[in-house]
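Input: a single structure, listed below in structure tokens.
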Amino acid sequence: MADISVIEAFESGALRLRDFFFTGDDYRYRLDVEARRGFIELLKARYNSGVRYRGRVLKWDTVIEQKANELGRFLIGKSSTVDFAEPVLRLKGNDDPGMRAKILALTSSQAKRLGIGKSTLHYLREYASHDGSFRVHEKTRQRIMACNSSSLALSH
């Protein structure tokens, strides 16, 4: 869960490389105080978010507690199974149906006007045509989102 939160923090722009700094005295990277506070808030939100589990919507911290109890019962022999496959924790990509539609409708000339290269457009179309989650770099995402559908339709 922490790993996914880190990935989502970087994808959303909540954490950036410039938020880290190097201290020469102990050869470690440190996180800026404000960035640290923001990331802790993201973690809190993630752990307090709801997830469907056993027919109910529970907070992740409750599910983790139940899984720990389940593991404990398994380890002392009171249960024959432990299931860590459910609930499924998913990485939320920064793609959405609207973004997919815009990418698939984007022509080469429109992409060029937006400053999106041929190879970038090729891979975006490839990813958008499949069901899986994919990442769109923030600059590219902003360019695509700034281009409204009416201008896409007019320029065909």
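The chains in the structure tokens are called A, B, ... from first to last as shown; in each chain the residues are counted from 1, and the ligands are counted from 1 in the order shown.
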### Message
Taking 4 positions as the minimum chain separation for residues in the same chain, which residues sit within 12 Å of A:Lys139 when counting only C-alpha atoms? Answer as number ranges by chain.
### Response
A: 11-13, 114-116, 120, 135, 143-146
Same residues, N, CA and C atoms, output as an mmCIF file, in the first residue's frame:
```cif
data_model
loop_
_atom_site.group_PDB
_atom_site.id
_atom_site.type_symbol
_atom_site.label_atom_id
_atom_site.label_comp_id
_atom_site.auth_asym_id
_atom_site.auth_seq_id
_atom_site.Cartn_x
_atom_site.Cartn_y
_atom_site.Cartn_z
ATOM 1 N N GLU A 11 3.017 10.411 -9.623
ATOM 2 C CA GLU A 11 2.194 10.592 -10.819
ATOM 3 C C GLU A 11 1.291 11.809 -10.713
ATOM 4 N N SER A 12 0.799 12.083 -9.533
ATOM 5 C CA SER A 12 -0.102 13.225 -9.354
ATOM 6 C C SER A 12 0.651 14.546 -9.238
ATOM 7 N N GLY A 13 1.960 14.470 -9.033
ATOM 8 C CA GLY A 13 2.745 15.688 -8.869
ATOM 9 C C GLY A 13 2.828 16.149 -7.423
ATOM 10 N N LEU A 114 0.007 20.240 -30.895
ATOM 11 C CA LEU A 114 0.052 20.249 -29.428
ATOM 12 C C LEU A 114 1.464 20.038 -28.886
ATOM 13 N N GLY A 115 2.396 19.715 -29.783
ATOM 14 C CA GLY A 115 3.769 19.470 -29.352
ATOM 15 C C GLY A 115 3.993 18.048 -28.870
ATOM 16 N N ILE A 116 3.164 17.123 -29.360
ATOM 17 C CA ILE A 116 3.287 15.712 -28.987
ATOM 18 C C ILE A 116 3.920 14.978 -30.159
ATOM 19 N N THR A 120 5.445 9.303 -29.209
ATOM 20 C CA THR A 120 4.606 9.450 -28.016
ATOM 21 C C THR A 120 3.155 9.155 -28.362
ATOM 22 N N ARG A 135 0.057 5.308 -17.790
ATOM 23 C CA ARG A 135 0.470 6.611 -17.290
ATOM 24 C C ARG A 135 0.683 7.562 -18.447
ATOM 25 N N ARG A 143 -1.491 18.983 -22.192
ATOM 26 C CA ARG A 143 -1.656 19.378 -23.600
ATOM 27 C C ARG A 143 -2.896 18.731 -24.196
ATOM 28 N N ILE A 144 -3.091 17.454 -23.905
ATOM 29 C CA ILE A 144 -4.251 16.743 -24.450
ATOM 30 C C ILE A 144 -5.534 17.297 -23.850
ATOM 31 N N MET A 145 -5.544 17.538 -22.543
ATOM 32 C CA MET A 145 -6.749 18.033 -21.881
ATOM 33 C C MET A 145 -7.073 19.467 -22.307
ATOM 34 N N ALA A 146 -6.046 20.249 -22.642
ATOM 35 C CA ALA A 146 -6.271 21.632 -23.077
ATOM 36 C C ALA A 146 -6.914 21.682 -24.448
#
```
### Task
Extract, using only C-alpha atoms, all DNA, RNA and protein residues at most 12 Å from stretch 5-10 of chain A, discarding same-chain residues fewer than 4 positions from it, and format them as a ChimeraX atom specification.
/A:1,14-19,35-36,38-47,89-94,135,137-138
### Message
What's around A:Ala111 at 12 Å? Count only C-alpha atoms, leave out sequence neighbours fewer than 4 positions away in its own chain, and write the answer as an NGL selection string.
### Response
:A and (102-107 or 115-122 or 124-125 or 140-141 or 143-147 or 152 or 155)
